[in-house]
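Student: One structure follows; several queries about it will come next.
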Amino acid sequence: MASSLASPSPVLKKPVKLACIQLAAGSDKQANLEHARSKVLEAAQAGAGIIVLPECFNSPYGCDFFPRYAETLLPSPPPRDQSPSFHALSAMAAEAGAYLVGGSIPERDPQVPDRYYNTSLTFDRRGRLLATHRKVHLFDIDIPGKITFRESDVLSPGNKVTVVDLPDYGRIGVAICYDVRFPELAAIAARKGCFALVYPGAFNLTTGPMHWKLLAQGRAVDNQVYVALCSPARDVSGPYHAWGHSMIVDPLAEVVVEAEEKEAIVSWGLDNGKIEEVRRNIPLTTQRRFDVYPDVSQGDVKFTEEGLP
Ligand SMILES: NC(=O)CC(=O)C(=O)O
């Protein structure tokens, strides 16, 4: 029996090129911001309408660095001296004339001392803030002899699913890195009508080869949407060795473009026709059995649909 609760079709109003910038970043925040600007402009000049930066694109990635690099983002817009990254991202989106998913930056809570988040900001083509996503699932893992990481020693989690309305194109879901391991978040965003799920992320040399591509394809095949993962470039002289391999996966779960480990821009043209074709050929969206199991996108979901008023 097909479900009567068919998901709304994702609507990508017109084709758009999405670019992931696999950025090489160091410890100098200002230099990282200037470098990000030049790469965002390069991607826009090559025709990208949606541009994505990596997780912690303006700092090294690690618990020791979060407080040192943190910026206060609220109230929005924050004073310039409290968030150079906010203002730099807003300016580069406007200069590029493109939507910008601004990777992530460590955020300082404006009210609670010593409380920090890993936060992604999305700007529109005029540099106006559209959405804020605080990483919901913190990266706490322990693979003996390989990697131990405990973001929760320093960071607090966000508490919502983030769906962003890009007026020219439609909706995207934005989440950060470890969030990609949780299919519920992706399913909720997809069932709220997103055409793409976008994850700034920084997997490493242990989990990258095991799961990075698998998870991107998993979220795409489950939800029949585009998935973009955007990593920092690998820097083996830095404290965290990112996997790289930024990629875009299409709604059939094919990896359509993939970087290696070095700095690169990878881009792909997204098209609503591809989503419709996949959903017509393999009609999961009308075959779900919400009489047998619950629809995770319904009920008590902390979800924000963000965009301009
Ligand atoms: N860095 C992360 O948040 C996640 C990661 O590296 C992994 O899941 O593996």
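By convention here, the chains of the structure tokens are called A, B, ... in the order presented, each chain's residues are numbered starting at 1, and ligands are numbered starting at 1 in the order presented.
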May I have the residues within 9 Å of ligand 1, computed using only C-alpha atoms and all ligand atoms, as a PyMOL selection string?
Tutor: chain A and resi 55+61+135+137-141+149+151+176-181+201-208+210-212+242-243
Student: Could you take the residues named above and write them with C-alpha atoms, as a PDB file, in the first residue's frame?
Tutor:
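Final output, again_6.pdb:
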```pdb
ATOM      1  CA  GLU A  55      34.060  23.054   7.684  1.00  0.00           C
ATOM      2  CA  TYR A  61      40.257  22.122  12.945  1.00  0.00           C
ATOM      3  CA  LYS A 135      26.331  21.354  14.070  1.00  0.00           C
ATOM      4  CA  HIS A 137      25.775  15.921  16.109  1.00  0.00           C
ATOM      5  CA  LEU A 138      29.159  16.566  17.663  1.00  0.00           C
ATOM      6  CA  PHE A 139      32.144  14.586  16.435  1.00  0.00           C
ATOM      7  CA  ASP A 140      32.964  12.353  19.405  1.00  0.00           C
ATOM      8  CA  ILE A 141      34.679   9.170  18.309  1.00  0.00           C
ATOM      9  CA  PHE A 149      38.182  13.297  18.786  1.00  0.00           C
ATOM     10  CA  GLU A 151      34.155  18.016  20.016  1.00  0.00           C
ATOM     11  CA  ILE A 176      27.871  19.953   9.048  1.00  0.00           C
ATOM     12  CA  CYS A 177      30.208  16.973   8.676  1.00  0.00           C
ATOM     13  CA  TYR A 178      29.331  14.402  11.375  1.00  0.00           C
ATOM     14  CA  ASP A 179      25.651  15.336  10.795  1.00  0.00           C
ATOM     15  CA  VAL A 180      25.905  13.410   7.500  1.00  0.00           C
ATOM     16  CA  ARG A 181      26.048  10.159   9.485  1.00  0.00           C
ATOM     17  CA  GLY A 201      32.829  18.626   6.343  1.00  0.00           C
ATOM     18  CA  ALA A 202      36.295  17.525   7.395  1.00  0.00           C
ATOM     19  CA  PHE A 203      36.670  13.766   7.535  1.00  0.00           C
ATOM     20  CA  ASN A 204      40.186  12.437   8.186  1.00  0.00           C
ATOM     21  CA  LEU A 205      42.564   9.770   6.934  1.00  0.00           C
ATOM     22  CA  THR A 206      40.861   7.065   9.007  1.00  0.00           C
ATOM     23  CA  THR A 207      37.164   7.758   8.491  1.00  0.00           C
ATOM     24  CA  GLY A 208      37.505   9.397   5.067  1.00  0.00           C
ATOM     25  CA  MET A 210      35.925   4.212   5.084  1.00  0.00           C
ATOM     26  CA  HIS A 211      32.820   6.336   4.924  1.00  0.00           C
ATOM     27  CA  TRP A 212      32.992   9.724   3.147  1.00  0.00           C
ATOM     28  CA  ALA A 242      41.559  16.258   6.243  1.00  0.00           C
ATOM     29  CA  TRP A 243      40.529  13.584   3.760  1.00  0.00           C
TER      30      TRP A 243
END
```
Student: Quick one: residues within 8 Å of Val227 (chain A), only C-alpha atoms counted, chain neighbours fewer than 2 positions away excluded, as a PyMOL selection string?
Tutor: chain A and resi 196-199+216-217+219-220+225+229+248-251
Student: Could those selected residues go to a file with N, CA and C atoms, as an mmCIF file, in the first residue's frame?
Tutor:
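Generated file (selection-v5.cif):
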```cif
data_model
loop_
_atom_site.group_PDB
_atom_site.id
_atom_site.type_symbol
_atom_site.label_atom_id
_atom_site.label_comp_id
_atom_site.auth_asym_id
_atom_site.auth_seq_id
_atom_site.Cartn_x
_atom_site.Cartn_y
_atom_site.Cartn_z
ATOM 1 N N ALA A 196 18.762 19.679 -2.718
ATOM 2 C CA ALA A 196 20.161 19.303 -2.442
ATOM 3 C C ALA A 196 20.413 19.357 -0.943
ATOM 4 N N LEU A 197 21.303 18.474 -0.493
ATOM 5 C CA LEU A 197 21.780 18.477 0.890
ATOM 6 C C LEU A 197 23.249 18.856 0.843
ATOM 7 N N VAL A 198 23.605 19.874 1.600
ATOM 8 C CA VAL A 198 24.951 20.445 1.502
ATOM 9 C C VAL A 198 25.640 20.316 2.858
ATOM 10 N N TYR A 199 26.831 19.689 2.838
ATOM 11 C CA TYR A 199 27.565 19.438 4.077
ATOM 12 C C TYR A 199 28.995 19.952 3.971
ATOM 13 N N ALA A 216 27.903 10.015 1.422
ATOM 14 C CA ALA A 216 27.347 10.939 0.420
ATOM 15 C C ALA A 216 26.374 10.182 -0.487
ATOM 16 N N GLN A 217 26.799 8.996 -0.912
ATOM 17 C CA GLN A 217 25.922 8.215 -1.791
ATOM 18 C C GLN A 217 24.690 7.706 -1.032
ATOM 19 N N ARG A 219 23.113 9.168 1.525
ATOM 20 C CA ARG A 219 22.105 10.229 1.701
ATOM 21 C C ARG A 219 21.423 10.527 0.358
ATOM 22 N N ALA A 220 22.178 10.420 -0.737
ATOM 23 C CA ALA A 220 21.591 10.697 -2.057
ATOM 24 C C ALA A 220 20.607 9.598 -2.457
ATOM 25 N N VAL A 225 18.091 13.028 -3.964
ATOM 26 C CA VAL A 225 18.439 14.447 -4.117
ATOM 27 C C VAL A 225 19.937 14.540 -4.388
ATOM 28 N N LEU A 229 29.455 17.379 -0.544
ATOM 29 C CA LEU A 229 30.341 17.361 0.628
ATOM 30 C C LEU A 229 31.557 18.217 0.301
ATOM 31 N N ILE A 248 30.350 15.914 -5.397
ATOM 32 C CA ILE A 248 28.914 16.122 -5.627
ATOM 33 C C ILE A 248 28.364 14.800 -6.152
ATOM 34 N N VAL A 249 27.250 14.394 -5.556
ATOM 35 C CA VAL A 249 26.610 13.122 -5.903
ATOM 36 C C VAL A 249 25.226 13.458 -6.445
ATOM 37 N N ASP A 250 24.827 12.774 -7.500
ATOM 38 C CA ASP A 250 23.530 13.120 -8.094
ATOM 39 C C ASP A 250 22.407 12.284 -7.462
ATOM 40 N N PRO A 251 21.145 12.547 -7.833
ATOM 41 C CA PRO A 251 20.024 11.865 -7.148
ATOM 42 C C PRO A 251 19.974 10.351 -7.392
#
```
Student: Write out as an MDAnalysis selection string which residues come within 12 Å of Val164 (chain A) when counting only C-alpha atoms, dropping same-chain ones fewer than 3 positions away.
Tutor: chainID A and resid 99:101 120:124 129:133 161 167:175 189:190 192:198 303:308
Student: What's the separation between CA of Thr286 (chain A) and CA of Leu215 (chain A), in Å to one decimal place?
Tutor: 23.5 Å
Student: Find, counting only C-alpha atoms, the residue in A:Glu184, A:Pro283, A:Cys230, A:Glu34 that gets nearest to Gln298 (chain A).
Tutor: A:Glu184
Student: So which residues touch region 259-262 of chain A within 9 Å, counting only C-alpha atoms, skipping near sequence neighbours fewer than 4 positions away, as a PyMOL selection string?
Tutor: chain A and resi 22-24+232-235+242-247+266
Student: Atoms to include: N, CA and C atoms. Write the selected residues as a PDB file, in the first residue's frame.
Tutor:
```
ATOM      1  N   GLN A  22      37.422  23.260  -2.218  1.00  0.00           N
ATOM      2  CA  GLN A  22      38.273  22.502  -1.291  1.00  0.00           C
ATOM      3  C   GLN A  22      39.470  23.396  -0.961  1.00  0.00           C
ATOM      4  N   LEU A  23      39.313  24.145   0.113  1.00  0.00           N
ATOM      5  CA  LEU A  23      40.226  25.258   0.409  1.00  0.00           C
ATOM      6  C   LEU A  23      41.414  24.792   1.241  1.00  0.00           C
ATOM      7  N   ALA A  24      42.589  25.324   0.895  1.00  0.00           N
ATOM      8  CA  ALA A  24      43.768  25.126   1.745  1.00  0.00           C
ATOM      9  C   ALA A  24      43.777  26.257   2.764  1.00  0.00           C
ATOM     10  N   PRO A 232      38.111  20.690   3.614  1.00  0.00           N
ATOM     11  CA  PRO A 232      39.361  21.437   3.423  1.00  0.00           C
ATOM     12  C   PRO A 232      40.331  20.584   2.608  1.00  0.00           C
ATOM     13  N   ALA A 233      41.314  21.252   1.975  1.00  0.00           N
ATOM     14  CA  ALA A 233      42.407  20.513   1.342  1.00  0.00           C
ATOM     15  C   ALA A 233      43.248  19.867   2.447  1.00  0.00           C
ATOM     16  N   ARG A 234      43.923  18.782   2.091  1.00  0.00           N
ATOM     17  CA  ARG A 234      44.760  18.103   3.101  1.00  0.00           C
ATOM     18  C   ARG A 234      46.056  18.880   3.331  1.00  0.00           C
ATOM     19  N   ASP A 235      46.410  19.039   4.608  1.00  0.00           N
ATOM     20  CA  ASP A 235      47.665  19.698   4.957  1.00  0.00           C
ATOM     21  C   ASP A 235      48.356  18.803   5.988  1.00  0.00           C
ATOM     22  N   ALA A 242      42.880  16.427   6.866  1.00  0.00           N
ATOM     23  CA  ALA A 242      41.559  16.258   6.243  1.00  0.00           C
ATOM     24  C   ALA A 242      41.657  15.291   5.066  1.00  0.00           C
ATOM     25  N   TRP A 243      40.581  14.573   4.847  1.00  0.00           N
ATOM     26  CA  TRP A 243      40.529  13.584   3.760  1.00  0.00           C
ATOM     27  C   TRP A 243      40.513  14.266   2.403  1.00  0.00           C
ATOM     28  N   GLY A 244      39.895  15.448   2.323  1.00  0.00           N
ATOM     29  CA  GLY A 244      39.723  16.061   0.997  1.00  0.00           C
ATOM     30  C   GLY A 244      38.587  15.365   0.268  1.00  0.00           C
ATOM     31  N   HIS A 245      38.760  15.138  -1.030  1.00  0.00           N
ATOM     32  CA  HIS A 245      37.768  14.404  -1.835  1.00  0.00           C
ATOM     33  C   HIS A 245      36.375  15.042  -1.807  1.00  0.00           C
ATOM     34  N   SER A 246      36.366  16.377  -1.813  1.00  0.00           N
ATOM     35  CA  SER A 246      35.067  17.058  -1.939  1.00  0.00           C
ATOM     36  C   SER A 246      34.339  16.479  -3.145  1.00  0.00           C
ATOM     37  N   MET A 247      33.038  16.311  -3.008  1.00  0.00           N
ATOM     38  CA  MET A 247      32.327  15.661  -4.113  1.00  0.00           C
ATOM     39  C   MET A 247      30.876  16.115  -4.209  1.00  0.00           C
ATOM     40  N   VAL A 266      35.443  21.947  -7.310  1.00  0.00           N
ATOM     41  CA  VAL A 266      34.688  20.978  -8.113  1.00  0.00           C
ATOM     42  C   VAL A 266      33.261  21.502  -8.254  1.00  0.00           C
TER      43      VAL A 266
END
```
Student: Determine which residues of region 153-186 of chain A receive a DSSP assignment of strand (DSSP E or B), computed from the backbone, and state them as a ChimeraX atom specification.
Tutor: /A:155,161-166,170-174
Student: Between A:Ala19, A:Asn58, A:Pro110, A:Gly238, which one has atoms that come closest to Val257 (chain A), using only C-alpha atoms?
Tutor: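 Closest to Val257 (chain A), using only C-alpha atoms: A:Ala19.
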Student: Give the helix (DSSP H, G or I) residues of region 245-287 of chain A, as DSSP finds them on the backbone, and put them as an mmCIF file with N, CA and C atoms, in the first residue's frame.
Tutor:
```cif
data_model
loop_
_atom_site.group_PDB
_atom_site.id
_atom_site.type_symbol
_atom_site.label_atom_id
_atom_site.label_comp_id
_atom_site.auth_asym_id
_atom_site.auth_seq_id
_atom_site.Cartn_x
_atom_site.Cartn_y
_atom_site.Cartn_z
ATOM 1 N N ASN A 272 16.569 19.972 -12.192
ATOM 2 C CA ASN A 272 15.377 19.341 -11.617
ATOM 3 C C ASN A 272 14.959 18.105 -12.414
ATOM 4 N N GLY A 273 15.241 18.122 -13.729
ATOM 5 C CA GLY A 273 14.869 16.989 -14.573
ATOM 6 C C GLY A 273 15.497 15.697 -14.083
ATOM 7 N N LYS A 274 16.721 15.777 -13.552
ATOM 8 C CA LYS A 274 17.401 14.570 -13.061
ATOM 9 C C LYS A 274 16.684 14.024 -11.816
ATOM 10 N N ILE A 275 16.270 14.922 -10.953
ATOM 11 C CA ILE A 275 15.556 14.474 -9.740
ATOM 12 C C ILE A 275 14.237 13.813 -10.153
ATOM 13 N N GLU A 276 13.533 14.472 -11.055
ATOM 14 C CA GLU A 276 12.239 13.926 -11.487
ATOM 15 C C GLU A 276 12.409 12.575 -12.159
ATOM 16 N N GLU A 277 13.434 12.451 -12.997
ATOM 17 C CA GLU A 277 13.671 11.188 -13.709
ATOM 18 C C GLU A 277 13.927 10.044 -12.721
ATOM 19 N N VAL A 278 14.794 10.310 -11.743
ATOM 20 C CA VAL A 278 15.135 9.256 -10.774
ATOM 21 C C VAL A 278 13.892 8.872 -9.965
ATOM 22 N N ARG A 279 13.116 9.871 -9.578
ATOM 23 C CA ARG A 279 11.924 9.593 -8.763
ATOM 24 C C ARG A 279 10.806 8.929 -9.574
ATOM 25 N N ARG A 280 10.810 9.201 -10.876
ATOM 26 C CA ARG A 280 9.816 8.533 -11.739
ATOM 27 C C ARG A 280 10.209 7.066 -11.933
ATOM 28 N N ASN A 281 11.495 6.837 -12.158
ATOM 29 C CA ASN A 281 11.962 5.475 -12.454
ATOM 30 C C ASN A 281 11.949 4.579 -11.223
ATOM 31 N N LEU A 284 10.295 5.841 -4.922
ATOM 32 C CA LEU A 284 10.291 5.699 -3.455
ATOM 33 C C LEU A 284 9.340 6.680 -2.791
ATOM 34 N N THR A 285 9.263 7.888 -3.354
ATOM 35 C CA THR A 285 8.533 8.944 -2.643
ATOM 36 C C THR A 285 7.052 8.625 -2.475
ATOM 37 N N THR A 286 6.504 7.789 -3.358
ATOM 38 C CA THR A 286 5.086 7.442 -3.201
ATOM 39 C C THR A 286 4.907 6.032 -2.630
ATOM 40 N N GLN A 287 6.019 5.366 -2.332
ATOM 41 C CA GLN A 287 5.921 3.976 -1.870
ATOM 42 C C GLN A 287 6.225 3.806 -0.392
#
```
Student: Take CA of Cys63 (chain A) and CA of Val154 (chain A) and report the distance between them in Å, one decimal.
Tutor: 6.2 Å
